[in-house]
Each structure stands twice: as C-alpha cells, then as structure tokens.
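File shown: upload_30.txt (compact mmCIF, C-alpha atoms).
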# COMPACT_ATOMS: atom_id res chain seq x y z
CA MET A 1 -119.16 -72.68 32.35
CA THR A 2 -115.82 -73.61 33.85
CA ASP A 3 -116.87 -74.98 37.24
CA ARG A 4 -118.09 -78.53 37.36
CA ILE A 5 -121.60 -79.10 38.67
CA ASP A 6 -121.82 -81.65 41.47
CA GLY A 7 -125.43 -81.09 42.48
CA LEU A 8 -128.69 -79.41 41.63
CA LEU A 9 -130.87 -77.28 43.91
CA VAL A 10 -134.35 -76.29 42.78
CA ASP A 11 -137.41 -74.41 43.87
CA MET A 12 -140.64 -76.36 44.34
CA ASN A 13 -143.69 -74.25 43.52
CA GLY A 14 -144.02 -73.18 39.91
CA LEU A 15 -141.61 -75.94 38.88
CA PHE A 16 -142.75 -79.27 40.28
CA ARG A 17 -146.05 -78.18 41.76
CA HIS A 18 -148.60 -75.68 40.49
CA TRP A 19 -151.25 -73.98 42.57
CA HIS A 20 -154.62 -73.18 41.01
CA ASN A 21 -156.41 -72.42 44.31
CA THR A 22 -159.33 -74.63 43.38
CA GLY A 23 -159.72 -75.76 46.99
CA ALA A 24 -159.82 -72.21 48.31
CA ARG A 25 -162.41 -71.19 45.74
CA GLN A 26 -164.56 -74.21 46.59
CA SER A 27 -164.39 -73.43 50.30
CA GLU A 28 -165.32 -69.82 49.62
CA ARG A 29 -168.35 -70.87 47.59
CA LEU A 30 -169.47 -73.30 50.30
CA ALA A 31 -169.00 -70.72 53.06
CA GLY A 32 -170.47 -67.83 51.08
CA LEU A 33 -167.23 -65.85 51.27
CA PRO A 34 -166.19 -63.26 48.70
CA PRO A 35 -163.63 -64.58 46.18
CA GLY A 36 -160.08 -64.15 47.40
CA THR A 37 -161.02 -64.06 51.08
CA ILE A 38 -159.14 -67.21 52.05
CA ASN A 39 -155.99 -66.20 50.20
CA HIS A 40 -156.09 -62.83 51.96
CA TYR A 41 -156.58 -64.31 55.43
CA ALA A 42 -154.14 -67.16 54.84
CA TYR A 43 -151.21 -65.62 53.00
CA ASP A 44 -151.41 -61.86 53.58
CA HIS A 45 -151.05 -62.18 57.33
CA PRO A 46 -147.93 -62.31 59.54
CA ALA A 47 -148.93 -65.78 60.73
CA TYR A 48 -148.03 -67.21 57.34
CA ARG A 49 -144.51 -65.78 57.49
CA ALA A 50 -144.21 -67.22 61.00
CA ALA A 51 -145.16 -70.66 59.68
CA ARG A 52 -142.78 -70.30 56.74
CA VAL A 53 -139.82 -69.82 59.07
CA GLY A 54 -140.87 -72.51 61.53
CA LEU A 55 -142.30 -70.37 64.33
CA LEU A 56 -145.69 -72.00 63.78
CA THR A 57 -146.47 -75.45 62.44
CA ASP A 58 -148.57 -75.75 59.32
CA GLN A 59 -151.51 -76.89 61.44
CA GLU A 60 -151.11 -74.02 63.91
CA TRP A 61 -151.10 -71.57 61.01
CA ALA A 62 -154.23 -73.14 59.50
CA ASP A 63 -155.97 -73.01 62.87
CA ASN A 64 -155.04 -69.34 63.12
CA VAL A 65 -156.57 -68.70 59.69
CA ALA A 66 -159.74 -70.52 60.70
CA ASP A 67 -160.01 -68.59 63.97
CA ARG A 68 -159.69 -65.21 62.23
CA LEU A 69 -162.23 -66.18 59.58
CA ALA A 70 -164.62 -67.35 62.29
CA ASP A 71 -164.19 -64.08 64.19
CA ASP A 72 -165.06 -62.02 61.10
CA PHE A 73 -167.59 -64.22 59.28
CA GLY A 74 -169.01 -66.51 61.95
CA PRO A 75 -168.00 -69.95 63.28
CA ALA A 76 -169.92 -71.81 60.57
CA VAL A 77 -167.20 -70.85 58.11
CA CYS A 78 -164.86 -73.40 59.69
CA GLN A 79 -167.12 -76.24 58.54
CA HIS A 80 -166.30 -75.43 54.91
CA LEU A 81 -162.51 -75.10 54.99
CA GLY A 82 -161.87 -78.76 54.17
CA PRO A 83 -161.39 -78.28 50.41
CA TRP A 84 -158.86 -75.50 51.01
CA ARG A 85 -156.80 -77.66 53.35
CA ALA A 86 -157.10 -80.74 51.16
CA ASP A 87 -155.80 -78.91 48.08
CA ARG A 88 -152.07 -79.65 47.83
CA GLY A 89 -151.58 -78.26 44.33
CA GLU A 90 -151.00 -80.12 41.08
CA ARG A 91 -147.91 -82.18 40.26
CA ASP A 92 -146.00 -81.33 37.08
CA ASP A 93 -145.44 -84.76 35.55
CA THR A 94 -142.93 -83.56 32.96
CA MET A 95 -140.73 -81.98 35.59
CA ALA A 96 -141.05 -84.98 37.88
CA GLU A 97 -139.85 -87.25 35.07
CA LEU A 98 -136.86 -84.98 34.40
CA LEU A 99 -136.09 -85.05 38.11
CA ASP A 100 -136.02 -88.85 38.11
CA GLN A 101 -133.56 -88.82 35.20
CA ILE A 102 -131.22 -86.34 36.84
CA ARG A 103 -131.21 -88.11 40.21
CA ARG A 104 -129.75 -91.24 38.64
CA HIS A 105 -126.38 -89.53 38.47
CA LEU A 106 -126.62 -86.31 40.47
CA PRO A 107 -127.98 -85.36 43.92
CA VAL A 108 -130.93 -82.98 43.74
CA GLY A 109 -132.22 -80.85 46.59
CA VAL A 110 -135.37 -78.77 46.85
CA LEU A 111 -135.37 -75.40 48.63
CA SER A 112 -138.86 -74.04 49.10
CA ASN A 113 -140.40 -71.17 51.03
CA SER A 114 -142.94 -73.40 52.71
CA THR A 115 -144.28 -74.62 56.02
CA ASP A 116 -143.39 -77.92 57.63
CA ALA A 117 -146.00 -79.56 55.37
CA LEU A 118 -143.46 -79.86 52.54
CA PRO A 119 -142.31 -83.47 53.23
CA ALA A 120 -145.91 -84.70 53.40
CA ASP A 121 -146.77 -82.80 50.22
CA LEU A 122 -143.85 -84.40 48.37
CA GLU A 123 -145.04 -87.82 49.49
CA HIS A 124 -148.58 -86.96 48.40
CA HIS A 125 -147.35 -86.05 44.91
CA ASN A 126 -144.87 -88.93 44.74
CA ILE A 127 -141.97 -86.54 44.12
CA THR A 128 -138.62 -87.60 45.56
CA PHE A 129 -135.59 -85.40 46.16
CA ASP A 130 -132.29 -86.39 47.70
CA HIS A 131 -132.44 -83.39 50.05
CA VAL A 132 -135.52 -81.51 51.24
CA PHE A 133 -135.23 -78.01 52.66
CA SER A 134 -138.35 -76.11 53.61
CA SER A 135 -137.82 -72.61 54.91
CA ALA A 136 -139.63 -73.79 58.05
CA SER A 137 -136.96 -76.44 58.65
CA LEU A 138 -134.15 -73.95 58.04
CA GLY A 139 -135.67 -71.17 60.12
CA VAL A 140 -135.06 -68.69 57.30
CA ASP A 141 -136.69 -68.10 53.93
CA LYS A 142 -135.51 -66.98 50.52
CA PRO A 143 -134.10 -64.58 49.44
CA SER A 144 -131.85 -64.66 52.52
CA PRO A 145 -128.35 -65.80 51.47
CA HIS A 146 -128.33 -67.92 54.62
CA ALA A 147 -131.06 -70.14 53.15
CA PHE A 148 -128.96 -70.95 50.07
CA ARG A 149 -125.71 -71.39 51.99
CA THR A 150 -127.32 -73.68 54.55
CA ALA A 151 -128.88 -75.84 51.84
CA ALA A 152 -125.53 -76.12 50.05
CA ASP A 153 -123.74 -76.96 53.31
CA ARG A 154 -126.23 -79.69 54.16
CA MET A 155 -125.89 -81.14 50.67
CA GLY A 156 -122.13 -81.15 51.21
CA ILE A 157 -121.54 -79.27 47.97
CA PRO A 158 -119.70 -75.93 47.66
CA THR A 159 -121.92 -73.24 46.20
CA GLN A 160 -119.65 -72.84 43.18
CA HIS A 161 -120.39 -76.46 42.25
CA LEU A 162 -124.15 -76.24 42.72
CA ALA A 163 -126.70 -75.24 40.07
CA TYR A 164 -129.94 -73.59 41.11
CA PHE A 165 -133.28 -73.02 39.33
CA ASP A 166 -136.15 -70.81 40.51
CA ASP A 167 -139.06 -69.03 38.80
CA GLU A 168 -138.68 -65.94 41.02
CA PRO A 169 -136.06 -63.50 39.64
CA THR A 170 -135.33 -62.05 43.09
CA PHE A 171 -134.45 -65.49 44.41
CA VAL A 172 -132.30 -66.26 41.36
CA HIS A 173 -130.33 -63.08 41.97
CA ALA A 174 -129.94 -63.87 45.67
CA ALA A 175 -128.71 -67.37 44.87
CA ALA A 176 -126.18 -65.99 42.41
CA THR A 177 -124.76 -63.65 45.04
CA THR A 178 -123.95 -66.67 47.20
CA GLY A 179 -121.95 -68.28 44.40
CA LEU A 180 -124.53 -70.70 43.02
CA HIS A 181 -124.91 -71.10 39.24
CA ALA A 182 -128.40 -69.63 39.34
CA HIS A 183 -130.88 -69.81 36.46
CA LEU A 184 -134.37 -68.40 35.99
CA PHE A 185 -136.92 -71.16 35.37
CA THR A 186 -139.30 -70.30 32.52
CA GLY A 187 -140.73 -73.72 31.71
CA SER A 188 -139.87 -77.38 31.40
CA ALA A 189 -138.55 -77.05 27.83
CA ASP A 190 -136.06 -74.34 28.76
CA PHE A 191 -135.17 -76.26 31.93
CA SER A 192 -134.35 -79.33 29.83
CA THR A 193 -132.26 -77.24 27.42
CA ARG A 194 -130.26 -75.69 30.23
CA LEU A 195 -129.68 -79.09 31.82
CA HIS A 196 -128.26 -80.30 28.51
CA GLU A 197 -126.01 -77.24 28.35
CA LEU A 198 -124.78 -77.97 31.86
CA GLY A 199 -124.15 -81.59 30.92
CA LEU A 200 -126.59 -82.81 33.56
CA LEU A 201 -129.45 -84.26 31.57
CA PHE A 202 -127.09 -85.82 29.04
CA ALA A 203 -125.38 -87.67 31.87
CA ALA A 204 -128.75 -88.77 33.26
CA ARG A 205 -129.72 -90.25 29.89
CA GLY A 206 -126.38 -91.85 29.19

Step by step, read the file and then write its structure as structure tokens.
Amino acid sequence: MTDRIDGLLVDMNGLFRHWHNTGARQSERLAGLPPGTINHYAYDHPAYRAARVGLLTDQEWADNVADRLADDFGPAVCQHLGPWRADRGERDDTMAELLDQIRRHLPVGVLSNSTDALPADLEHHNITFDHVFSSASLGVDKPSPHAFRTAADRMGIPTQHLAYFDDEPTFVHAAATTGLHAHLFTGSADFSTRLHELGLLFAARG
C-alpha cells in the first residue's frame, strides 16, 4: 500500500459487539410468542429503518414495536419486553483490547447502522472510540457513500488515508468506492494480521 494511513474507521456489530438475541428469546418465552416474533416486528418493519436514519429515536422505535405487538397479541405482551430491551449484545474483549492498542497512536472511529442508542451502548460495554458515528446521527445509513464521506470529513482525514473494516461485503465495496482502504472483517486474528500489514498495530505496540 502506497498511501499512508492516518486513521481507522470500523463497523461495530460483528466486530466489537455480537448479538445472540438471548433477550428477545426470553421475552418471547415469557409472553408466549412464537420464536422469531420480536425480531420480525422489530427489525423487518419500516420503523426500524426510520430509527436507523434518525427519524425516530430508539425509544420511539421500541414503543412502536410494543404497540404493534400489543395490537396483534394483546396488551399483556408489553409486560414481558424488558429482557429484549435490556439485551445490548455481548462485548468482544479481544477486539476491545486491540482497539485500545491502536488508539494509543491512531484515531479510530466507529460507523454503525444503528439508532441513537449507540453512545449509551458503547458506555455500557466500556468501549471507547475517538469518533462515534451512528447512522441515526448522520441521517444516512450504509452502504450510502455519503455515510463514509461524512465520517471521514468529521474525522478530518481524507478517505485515501483512512482504513475501514466491516463484516458486510456490500459495505466494504461501498467504502472502497469512496476511496477508503476497505477490508472485509473475518475475525480478530485476521484483523490483527491486517493491522500489522498496514503498520498500525506494530506502531501501537511500539
């Protein structure tokens, strides 16, 4: 690679946080709902996209989910949605440790298709980035080139000097079209190897 790398931009889910939907499954069991019902009502509905681009807050979206579930399954369902809402995923400790190493010498931003709950979720998991970009805060979600360009602009780093990692091939391709050095994330070991190749992790350990 000929261009120097002045910053790192990364995806959140699948890298630093993993979802196992344990909270949704628990709520479904408590409410007597068929498996997969909450995921369908929560994420397969236009309200979720609206929350992801900042047209609804995270709480407004959750209230919308609860209202639709209550309409179809009865109001008692709402009493059992606590575990779903309390589930904020599972932190990846290995990736969080790598992040801490990199941030000693290089600014790192996170760009996530998420609601406005992202900052609170990062605090919950004790994960710190130098720049935090939820799609809700940007008003646009990946794979729009505008999402990547806006993140780079706000980091103050030209796209040609910014590395990007994501576990979604479509988003990697979109990032590459904007000029970022985009890489497909396949696991922490490969991530570490690629950071060494870019000279980023070596600098963090030096």

**Message:** Env of Ser134 of chain A: 7 Å cut, atoms = all atoms listed in the file, seq-sep filter 5 positions within chain, self excluded. Answer as a count of residues only.
**Reply:** 7

**Asked** Contacts of segment 38-49 of chain A at 7 Å or less, counting all atoms listed in the file, minus same-chain residues fewer than 4 places along, as a PyMOL selection string?
**Response** chain A and resi 24+53+61+65

Could you give me, as JSON lines, a per-residue list for segment 24-92 of chain A showing, wherever an atom lies at most 7 Å from an atom of segment 7-19 of chain A, the closest pair of atoms and their distance in Å to one decimal, using only C-alpha atoms and sorting by chain then residue number from low to high?
{"residue": "A:Gly89", "atom": "CA", "partner": "A:Trp19", "partner_atom": "CA", "distance": 4.6}
{"residue": "A:Glu90", "atom": "CA", "partner": "A:His18", "partner_atom": "CA", "distance": 5.1}
{"residue": "A:Arg91", "atom": "CA", "partner": "A:Arg17", "partner_atom": "CA", "distance": 4.7}
{"residue": "A:Asp92", "atom": "CA", "partner": "A:Phe16", "partner_atom": "CA", "distance": 5.0}

**Asked** Just how far from atom CA of Pro143 of chain A is atom CA of Ala174 of chain A, in Å to one decimal?
**Response** 5.7 Å

**Request:** Can you work out which one of A:Gly32, A:Pro75, A:Gly139, A:Gly199 has the shortest atom-to-atom distance to Ala51 of chain A, counting only C-alpha atoms?
**Result:** A:Gly139

**Asked** Of the residues A:His80, A:Arg52, A:His105, A:His124, which is the one nearest to Ile5 of chain A, using all atoms listed in the file?
**Response** A:His105

**Fill in**
From the list A:Ala86, A:Leu198, A:Ala175, A:Ala136, the nearest residue to Asn21 of chain A using all atoms listed in the file is A:Ala86

**Prompt:** What gap, in Å, lies between atom CA of Gly109 of chain A and atom CA of Met155 of chain A?
**Reply:**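 Separation of atom CA of Gly109 of chain A and atom CA of Met155 of chain A: 7.5 Å.
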
**Item:** Between atom CA of Leu200 of chain A and atom CA of Arg103 of chain A - distance in Å to one decimal
**Value:**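 Atom CA of Leu200 of chain A lies at a distance of 9.7 Å from atom CA of Arg103 of chain A.
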
**Request:** Rank A:Ala31, A:Ala182, A:Leu99, A:Ala70 by their smallest atom-to-atom distance to Phe165 of chain A, using only C-alpha atoms, and report the top residue only.
**Result:**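 Of the candidates, the smallest distance to Phe165 of chain A is held by A:Ala182.
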
**Request:** Between A:Thr170, A:Thr37, A:Thr150, A:Thr94, single out the one closest to Phe191 of chain A, counting all atoms listed in the file.
**Result:**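 For Phe191 of chain A, the nearest of the candidates is A:Thr94.
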
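Nearest to Leu184 of chain A of all the residues A:His196, A:Ile102, A:Phe171, A:Asp141 is A:Phe171, based on all atoms listed in the file.
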
**Request:** For Trp84 of chain A, work out the shell of residues within 8 Å, counting all atoms listed in the file and skipping chain neighbours fewer than 4 positions away, then give it as number ranges by chain.
**Result:** A: 21-27
